[in-house]
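*Asks:* Structure incoming, see below.
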Amino acid sequence: MEASSPISQTLHQNPHPESSPNPPPYKKSFVTSLMEATALRTPSFREDTYFVSHLKPSESKSLQELKDKLMATHGPDSMWGIPLLGGDDKADVILLKFLRARDFRVPDSLHMLLKCLEWRKEFGAENIVEEDLGFKELEGGVAYMQGYDREGHPVCYNAYGVFKDKEMYDRIFGDDEKLQKFLRWRVQVLERGIKLLHFKPGGINSIIQVTDLKDMPKRELRVASNHILSLFQDNYPEMVARKIFINVPWYFSVLYSMFSPFLTQRTKSKFVISKEGNVAETLYKFIRPEDVPVQYGGLSRPSDLQSGPPKPASEFTVKGGEKVNIQIEGIEAGATITWDITVGGWDLEYSAEFVPIAEGSYTIAVEKPRKMAATEEAIHNSFTAREAGKMVVSVDNTASRRKKVAAYRYVVRKPITTTTPAIA
């Protein structure tokens, strides 16, 4: 039997953390200032609702004109299983994506749409999701769909750092045939994400892209990156609601500040740039901790995905110079408590102990205090109590000045009681 609500759960934070001598004023470097200036902390991008009634008169006219020209020049066709001239809301959502991508210029939108239809037929995009392309080693690591953001958008993660290994790089990109096969697989990942979209006004009609730039071999992947970018821009308009770059090296932000003036405000408003060390803090703004992969400071493990929707986590902040104790009370004798906890960019001390209620009983050090490295993933542990008491999970950030985001969750399985039938 499981329980998570009958237990009193309190987050006790030390109101008087030990203070250290006042440090000298922190002076930001030029690079740090530039990073902060280019970081988009609160993107202003607002996704289209796709309600025809919300369109301007000129936009409604463009939509009808696009339908008329499509019928006259191409005839009925479908995309993602949706008839483009079916006269329903789903068709309007797709057509409006092409119109938005070309600022409602009908000739340009029609040209883009027809080229996309042609490409999808040649590429076999409609049925690509069912193909076995033989990239099992890359799934769940290089490009994969996992979880949803706080608004319900499916999230696609991309991490190309594994290709810094030359053997891996040659095996995947060694020649043009291998490159084309990889591009096909990358399109397959995106198509899986698109199958999760609603294609209805007011629904979820785009995905979130999270791209990890850590250890990414820029020069070697330039050709593949350009191919992917071109394919996605030409054939998947307005499919990305937000593009989050994490583990961004300083020079990326310098480059961004240089080409930023040439981007439209709409494009820039989709970008979120997070430097190394701020990954969890950035992702938590958009994605709940239970949906963020453990390697990025969240609580989501691949094995969890087989168990249905993730159990919600509680979020909290660990201030610099502060120790936080999470006390889970009301644990019965024989009950088993299982908990997960993570702190973004750890670099602090963690411990867990069980405190019995009975006088004279000894506190049990379930996990002795240990320093957590910045790269360590979430803690997952369990403990079966022999007597009633409470669990105290602690994170000690008194040695740091930096505030950190954190999350935890737990479940308590009560002991199973059996009754022995009375003997007459």
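Chains: A, B, ... in order of the structure tokens. Residues: from 1 per chain. Ligands: from 1, in order shown.
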Compile the contact shell of Asn278 of chain A as a list in words: residues with an atom at most 12 Å away, counting only C-alpha atoms, same-chain residues fewer than 6 positions apart removed.
*Replies:* Met35, Glu36, Ala39, Arg41, Phe245, Ile246, Asn247, Val248, Pro249, Val272, Tyr284, Lys285, Tyr296, Gly297, Val343, Gly344, Gly345, Trp346, Ala374, Thr375, Arg402, Lys403, Lys404 and Val405 of chain A
*Asks:* Keeping C-alpha atoms, export the residues of the selection given above as a PDB file, in the first residue's frame.
*Replies:*
```
ATOM      1  CA  MET A  35      26.440  36.259 -21.245  1.00  0.00           C
ATOM      2  CA  GLU A  36      23.823  37.884 -19.036  1.00  0.00           C
ATOM      3  CA  ALA A  39      20.474  35.475 -22.074  1.00  0.00           C
ATOM      4  CA  ARG A  41      15.361  34.971 -19.236  1.00  0.00           C
ATOM      5  CA  PHE A 245      20.265  26.133 -25.566  1.00  0.00           C
ATOM      6  CA  ILE A 246      21.998  24.752 -22.462  1.00  0.00           C
ATOM      7  CA  ASN A 247      25.647  24.389 -21.435  1.00  0.00           C
ATOM      8  CA  VAL A 248      26.390  27.262 -23.760  1.00  0.00           C
ATOM      9  CA  PRO A 249      30.095  28.160 -23.981  1.00  0.00           C
ATOM     10  CA  VAL A 272      16.588  30.823 -24.393  1.00  0.00           C
ATOM     11  CA  TYR A 284      12.840  24.474 -14.279  1.00  0.00           C
ATOM     12  CA  LYS A 285      11.385  27.743 -15.579  1.00  0.00           C
ATOM     13  CA  TYR A 296      20.190  17.951 -16.502  1.00  0.00           C
ATOM     14  CA  GLY A 297      19.342  18.272 -12.821  1.00  0.00           C
ATOM     15  CA  VAL A 343      19.881  20.151  -6.469  1.00  0.00           C
ATOM     16  CA  GLY A 344      20.902  21.958  -9.638  1.00  0.00           C
ATOM     17  CA  GLY A 345      24.701  22.078  -9.855  1.00  0.00           C
ATOM     18  CA  TRP A 346      24.978  20.288  -6.441  1.00  0.00           C
ATOM     19  CA  ALA A 374      28.298  19.413  -9.682  1.00  0.00           C
ATOM     20  CA  THR A 375      27.751  16.683 -12.284  1.00  0.00           C
ATOM     21  CA  ARG A 402      25.224  30.712  -4.735  1.00  0.00           C
ATOM     22  CA  LYS A 403      21.471  30.121  -4.674  1.00  0.00           C
ATOM     23  CA  LYS A 404      20.406  26.806  -6.215  1.00  0.00           C
ATOM     24  CA  VAL A 405      17.135  25.312  -7.409  1.00  0.00           C
TER      25      VAL A 405
END
```
*Asks:* Leaving out Gly193 of chain A and any residue of its chain fewer than 6 positions from it, which residues lie within 12 Å of it when counting only C-alpha atoms, given as a list in words?
*Replies:* Trp80, Val129, Ala143, Tyr144, Met145, Gln146, Gly147, Tyr148, His153, Pro154, Val155, Cys156, Tyr157, Arg186, Val187, Ile204, Asn205, Ser206, Ile207, Ile208, Gln209, Tyr236, Met239 and Val240 of chain A
*Asks:* Could you check how far atom CA of Glu59 of chain A sits from atom CA of Arg46 of chain A, in Å to one decimal?
*Replies:*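 Atom CA of Arg46 of chain A lies at a distance of 17.3 Å from atom CA of Glu59 of chain A.
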*Asks:* With distances taken over only C-alpha atoms, which of A:Gly134, A:Glu290, A:Gly124, A:Phe199 is nearest to Pro83 of chain A?
*Replies:*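 The shortest atom-to-atom distance to Pro83 of chain A comes from A:Phe199.
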*Asks:* Using DSSP assignments from the backbone, pull out every residue in segment 85-278 of chain A that falls under strand (DSSP E or B) and give it to me as a count of residues only.
*Replies:* 33
*Asks:* What does the structure give for the distance between atom CA of Asp215 of chain A and atom CA of Gly161 of chain A, in Å to one decimal?
*Replies:*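 Going from atom CA of Asp215 of chain A over to atom CA of Gly161 of chain A covers 4.6 Å.
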*Asks:* To one decimal place, how far is atom CA of Arg301 of chain A from atom CA of Val210 of chain A in Å?
*Replies:*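 According to the coordinates, atom CA of Arg301 of chain A and atom CA of Val210 of chain A are separated by 16.7 Å.
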*Asks:* Taking into account only C-alpha atoms, which residue in the set A:His198, A:Arg401, A:Arg219, A:Lys390 is nearest to Gln327 of chain A?
*Replies:*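 Of the candidates, the smallest distance to Gln327 of chain A is held by A:Lys390.
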*Asks:* Would you mind telling me which residue in A:Ala125, A:Val223, A:Ile379, A:Val279 lies nearest to Val189 of chain A when using only C-alpha atoms?
*Replies:* A:Ala125
*Asks:* Compile the contact shell of Asp68 of chain A as a list in words: residues with an atom at most 12 Å away, counting only C-alpha atoms, same-chain residues fewer than 2 positions apart removed.
*Replies:* Lys61, Ser62, Leu63, Gln64, Glu65, Leu66, Leu70, Met71, Ala72, Thr73, His74, Gly75, Pro76, Leu84, Leu85, Gly87, Leu95, Val106, Pro107 and Leu110 of chain A
*Asks:* Just the residues within 6 Å of Val392 of chain A, please, counting only C-alpha atoms, with nothing from its chain fewer than 6 positions along; format it as a ChimeraX atom specification.
*Replies:* /A:326-327,352-353
*Asks:* The selected residues should be written to file as a PDB file, in the first residue's frame (atoms: N, CA and C atoms).
*Replies:*
```pdb
ATOM      1  N   ILE A 326      14.585  18.584   5.003  1.00  0.00           N
ATOM      2  CA  ILE A 326      13.255  18.136   4.593  1.00  0.00           C
ATOM      3  C   ILE A 326      12.846  17.032   5.556  1.00  0.00           C
ATOM      4  N   GLN A 327      11.818  17.292   6.341  1.00  0.00           N
ATOM      5  CA  GLN A 327      11.384  16.332   7.347  1.00  0.00           C
ATOM      6  C   GLN A 327      10.086  15.659   6.912  1.00  0.00           C
ATOM      7  N   ALA A 352      21.113  11.918   4.858  1.00  0.00           N
ATOM      8  CA  ALA A 352      19.756  11.486   5.203  1.00  0.00           C
ATOM      9  C   ALA A 352      19.827  10.651   6.474  1.00  0.00           C
ATOM     10  N   GLU A 353      18.892  10.889   7.390  1.00  0.00           N
ATOM     11  CA  GLU A 353      18.860  10.127   8.633  1.00  0.00           C
ATOM     12  C   GLU A 353      17.426   9.856   9.059  1.00  0.00           C
TER      13      GLU A 353
END
```
*Asks:* Identify, on the basis of only C-alpha atoms, every residue whose closest approach to Leu117 of chain A does not exceed 10 Å; exclude the query and any residue fewer than 4 positions from it along the same chain; express the result as a list in words.
*Replies:* Asp77, Ser78, Met79, Met112, Leu113, Lys121, Glu122, Phe123, Ala125 and Asn235 of chain A
*Asks:* When you look at Lys368 of chain A with a cut-off of 10 Å (counting only C-alpha atoms), what residues show up, excluding the ones that are within fewer than 2 positions of it in the same chain? I need them as a ChimeraX atom specification.
*Replies:* /A:349-353,364-366,370-371
*Asks:* Calculated over only C-alpha atoms, which of the candidates A:Thr49, A:Thr342, A:Ser257, A:Ser300 has the smallest distance to Ala407 of chain A?
*Replies:*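 Closest residue, counting only C-alpha atoms: A:Thr342.
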